[in-house]
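K.L.:
Here it is, the structure in full.
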Amino acid sequence: MSQILLTFPLFWINVAVEFLCKNAAQRRFPAMPDNALVDIDLFAGAGGLALGLKAAGFSPVHLYEKDDHACETLKRNVVPQGTLEAVIHPGRIEDVDWLGTASSVRVLAAGAPCQPFSLGGKHRAQEDGRNLFPEVLRAVRSLRPQAILIENVRGLLREEFQPFFEYLLRCLEFPSLASRKHESWKDHNRRIRQHQCSSSYAPEYIVTWRHLEAADFGVPQARKRIFIIATRTDLPIYRFPWPSHSKAALLRAQSDGVYWERHGIKKRKPVTPIALPENRAFPWVTVRDALLTLPPPETVEAKAWMNHWLIPGARAYAGHGGSSLDWPSKTIKAGVHGVPGGENTVVLDDGSVRYYTLREAARIQTFPDEHLFTGARIHITRQLGNAVPCRLAEQVAKPLFAIFQQITPRGAVNVATCSGN
């Protein structure tokens, strides 16, 4: 009897230890063969950046996201014949132990939380607890990816944030020089600059960035975002793509009547009567273009399919009017506490205003119709508003994928495949 009493607590101790070990392993980077190349997406959200990477040719197989509702959306789409094929890692990035083979990561993509730098946020920048750029840099130092792709809001370029933005670029150029414990970012920045000025300095990554307008790349939405690309110095230089669509081309199509004829509408005046230069780009994609093939929305959620039902209560407010059908949409918003009145709305042909259905908003963000969202309306709206437009991500990632196609298995550049760079 005494032997049973002694072994009983030991049994449960062993069970607890086994559980804790398994739980800890879930927050570690999965071990992989030395020759495996994987693509990682941090702060994956509903999957917009991952879908763009996939369309460009990459295979984002590890998706990290802490929001439970976004994780449920990812799980719904990571299924046989789903839009994504990946392993979902729920939880905080801060808790991830980046163990594994450093050379195994091809691309590390990160759409770090934008609220600290958003024009509509509190503008606390590096002082905001939601500033997770340090975690991106920690992953870079541990994993040593061949390339890094970062997306964020244009607020990073504001004058008061400029020093921190330049500091971030320096960190990406030479991530080995990590910050010390309790060292401020300004002191760390000073050390990096001193090292860059030394005669022995050689960058570890070539860093380039652009301020891009999503509408210029076929997204039916006016949405300005910052993209940063860093490639290891042993890779060919990355160059951002040229815009494929233009405002001038849309105005020409409307002025010539081609746009209205395509939609079976009597010719109207273009939105802006200006001189139209010759332009070989495609016309900006409008809201009417994007929603053309959608069926009428259901009147109640219970009868809806693919998140497509009418949302009541929309009205226009001063400074928050609805989007025009014949122009790219205004930016799809998320909002920390919901969307302000007048946002995410559209003005119909009869002059009435209504909210975009969730599926319409997904189309504006260029999600495929097969990609389904889970959660209450407020949660899905947040997922959509925080997402990277899939098509914009694809266009930025394509030149990066082309770089890797130039590389032989041994790492040398295949000159025969190089063109235009």
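Within each chain, counting starts at residue 1; across the structure tokens, chains are named A, B, ... in the order shown, with ligands numbered 1 upward in that order.
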List every residue of stretch 194-303 of chain A that DSSP, applied to the backbone of this structure, places in strand (DSSP E or B), and write the result as an mmCIF file with N, CA and C atoms, in the first residue's frame.
P.N.:
data_model
loop_
_atom_site.group_PDB
_atom_site.id
_atom_site.type_symbol
_atom_site.label_atom_id
_atom_site.label_comp_id
_atom_site.auth_asym_id
_atom_site.auth_seq_id
_atom_site.Cartn_x
_atom_site.Cartn_y
_atom_site.Cartn_z
ATOM 1 N N TYR A 205 23.000 42.192 -45.394
ATOM 2 C CA TYR A 205 21.842 42.207 -46.290
ATOM 3 C C TYR A 205 21.850 43.509 -47.092
ATOM 4 N N ILE A 206 21.349 43.417 -48.314
ATOM 5 C CA ILE A 206 21.088 44.601 -49.115
ATOM 6 C C ILE A 206 19.623 44.969 -48.902
ATOM 7 N N VAL A 207 19.370 46.164 -48.412
ATOM 8 C CA VAL A 207 18.019 46.567 -48.008
ATOM 9 C C VAL A 207 17.501 47.649 -48.955
ATOM 10 N N THR A 208 16.286 47.471 -49.425
ATOM 11 C CA THR A 208 15.628 48.466 -50.259
ATOM 12 C C THR A 208 14.175 48.564 -49.838
ATOM 13 N N TRP A 209 13.574 49.726 -50.059
ATOM 14 C CA TRP A 209 12.172 49.908 -49.648
ATOM 15 C C TRP A 209 11.467 50.817 -50.638
ATOM 16 N N ARG A 210 10.128 50.714 -50.634
ATOM 17 C CA ARG A 210 9.305 51.565 -51.490
ATOM 18 C C ARG A 210 7.991 51.883 -50.789
ATOM 19 N N HIS A 211 7.446 53.048 -51.129
ATOM 20 C CA HIS A 211 6.113 53.457 -50.707
ATOM 21 C C HIS A 211 5.190 53.194 -51.896
ATOM 22 N N LEU A 212 4.342 52.185 -51.806
ATOM 23 C CA LEU A 212 3.554 51.733 -52.949
ATOM 24 C C LEU A 212 2.067 52.055 -52.771
ATOM 25 N N GLU A 213 1.415 52.363 -53.878
ATOM 26 C CA GLU A 213 -0.036 52.548 -53.940
ATOM 27 C C GLU A 213 -0.626 51.258 -54.501
ATOM 28 N N GLN A 221 -8.489 49.433 -54.860
ATOM 29 C CA GLN A 221 -8.515 50.138 -53.578
ATOM 30 C C GLN A 221 -7.350 51.113 -53.503
ATOM 31 N N LYS A 224 -2.087 52.902 -49.481
ATOM 32 C CA LYS A 224 -0.645 53.137 -49.542
ATOM 33 C C LYS A 224 0.049 52.361 -48.426
ATOM 34 N N ARG A 225 1.088 51.630 -48.797
ATOM 35 C CA ARG A 225 1.815 50.812 -47.840
ATOM 36 C C ARG A 225 3.319 50.859 -48.111
ATOM 37 N N ILE A 226 4.090 50.628 -47.043
ATOM 38 C CA ILE A 226 5.543 50.543 -47.136
ATOM 39 C C ILE A 226 5.945 49.075 -47.268
ATOM 40 N N PHE A 227 6.838 48.786 -48.201
ATOM 41 C CA PHE A 227 7.424 47.450 -48.320
ATOM 42 C C PHE A 227 8.938 47.572 -48.195
ATOM 43 N N ILE A 228 9.503 46.707 -47.379
ATOM 44 C CA ILE A 228 10.957 46.628 -47.211
ATOM 45 C C ILE A 228 11.403 45.235 -47.643
ATOM 46 N N ILE A 229 12.385 45.178 -48.524
ATOM 47 C CA ILE A 229 12.951 43.905 -48.964
ATOM 48 C C ILE A 229 14.429 43.897 -48.598
ATOM 49 N N ALA A 230 14.863 42.844 -47.922
ATOM 50 C CA ALA A 230 16.280 42.666 -47.597
ATOM 51 C C ALA A 230 16.726 41.313 -48.140
ATOM 52 N N THR A 231 17.795 41.313 -48.903
ATOM 53 C CA THR A 231 18.328 40.064 -49.461
ATOM 54 C C THR A 231 19.777 39.905 -49.036
ATOM 55 N N ARG A 232 20.175 38.678 -48.779
ATOM 56 C CA ARG A 232 21.571 38.436 -48.409
ATOM 57 C C ARG A 232 22.495 38.893 -49.524
ATOM 58 N N HIS A 245 -0.834 49.334 -63.354
ATOM 59 C CA HIS A 245 -2.106 50.016 -63.582
ATOM 60 C C HIS A 245 -1.940 51.506 -63.284
ATOM 61 N N SER A 246 -2.823 52.333 -63.845
ATOM 62 C CA SER A 246 -2.684 53.775 -63.623
ATOM 63 C C SER A 246 -4.027 54.487 -63.615
ATOM 64 N N PHE A 282 -2.482 49.308 -67.548
ATOM 65 C CA PHE A 282 -3.896 48.964 -67.480
ATOM 66 C C PHE A 282 -4.621 50.017 -66.640
ATOM 67 N N PRO A 283 -5.928 50.174 -66.852
ATOM 68 C CA PRO A 283 -6.676 51.116 -66.009
ATOM 69 C C PRO A 283 -6.733 50.637 -64.563
ATOM 70 N N GLU A 298 -27.318 38.294 -49.835
ATOM 71 C CA GLU A 298 -28.490 37.851 -49.085
ATOM 72 C C GLU A 298 -28.901 38.937 -48.100
#
K.L.:
DSSP says alpha helix (DSSP H) for which residues of stretch 275-391 of chain A? Put them as a ChimeraX atom specification?
P.N.:
/A:287-291,358-364,377-386,390-391
K.L.:
Any idea what the distance is between atom CA of A:Asp95 and atom CA of A:Gly375?
P.N.:
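Between atom CA of A:Asp95 and atom CA of A:Gly375 the gap works out to 25.1 Å.
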K.L.:
With only C-alpha atoms as the counted atoms, please give the residues lying no more than 12 Å from stretch 288-290 of chain A, apart from itself and same-chain residues fewer than 6 positions off, as a VMD selection string.
P.N.:
chain A and resid 218 to 221 250 259 to 260 262 to 265 323 to 329 346 to 349 359 to 369
K.L.:
Out of A:Ala302, A:Leu63, A:Ala147, A:Ala55, which residue has the shortest atom-to-atom distance to A:Leu235 when counting only C-alpha atoms?
P.N.:
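So, comparing all the options, the nearest one is A:Ala147.
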K.L.:
Give me, please, the distance in Å between atom CA of A:Tyr201 and atom CA of A:Asp234, quoted to one decimal.
P.N.:
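Atom-to-atom, atom CA of A:Tyr201 to atom CA of A:Asp234, that is 15.9 Å.
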K.L.:
Quick one: residues within 12 Å of A:Phe58, only C-alpha atoms counted, chain neighbours fewer than 4 positions away excluded, as a PyMOL selection string?
P.N.:
chain A and resi 37-41+49-54+62+84-86+105-109+147+393-394+397-405
K.L.:
I'd like the contact shell of stretch 66-74 of chain A - 6 Å cut-off, only C-alpha atoms, skipping same-chain residues fewer than 4 positions apart - returned as a list in words.
P.N.:
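So the residues in contact are Gly45, Ala46, Pro90, Gly91, Arg92, Phe373 and Thr374 of chain A.
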K.L.:
Work out how far apart atom CA of A:Leu384 and atom CA of A:Lys247 are and give it in Å to one decimal.
P.N.:
24.5 Å
K.L.:
Using only C-alpha atoms, which residue out of A:Ser176, A:Glu261, A:Leu157, A:Ala248 lies closest to A:Ala139?
P.N.:
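Looking at the shortest contact to A:Ala139, the residue is A:Ser176.
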K.L.:
Choose the residue, out of A:Arg315, A:Arg280, A:His195, A:Arg180, that has the smallest atom-to-atom separation from A:Asn344; count only C-alpha atoms.
P.N.:
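Checking each candidate against A:Asn344, we get A:Arg315 as the closest.
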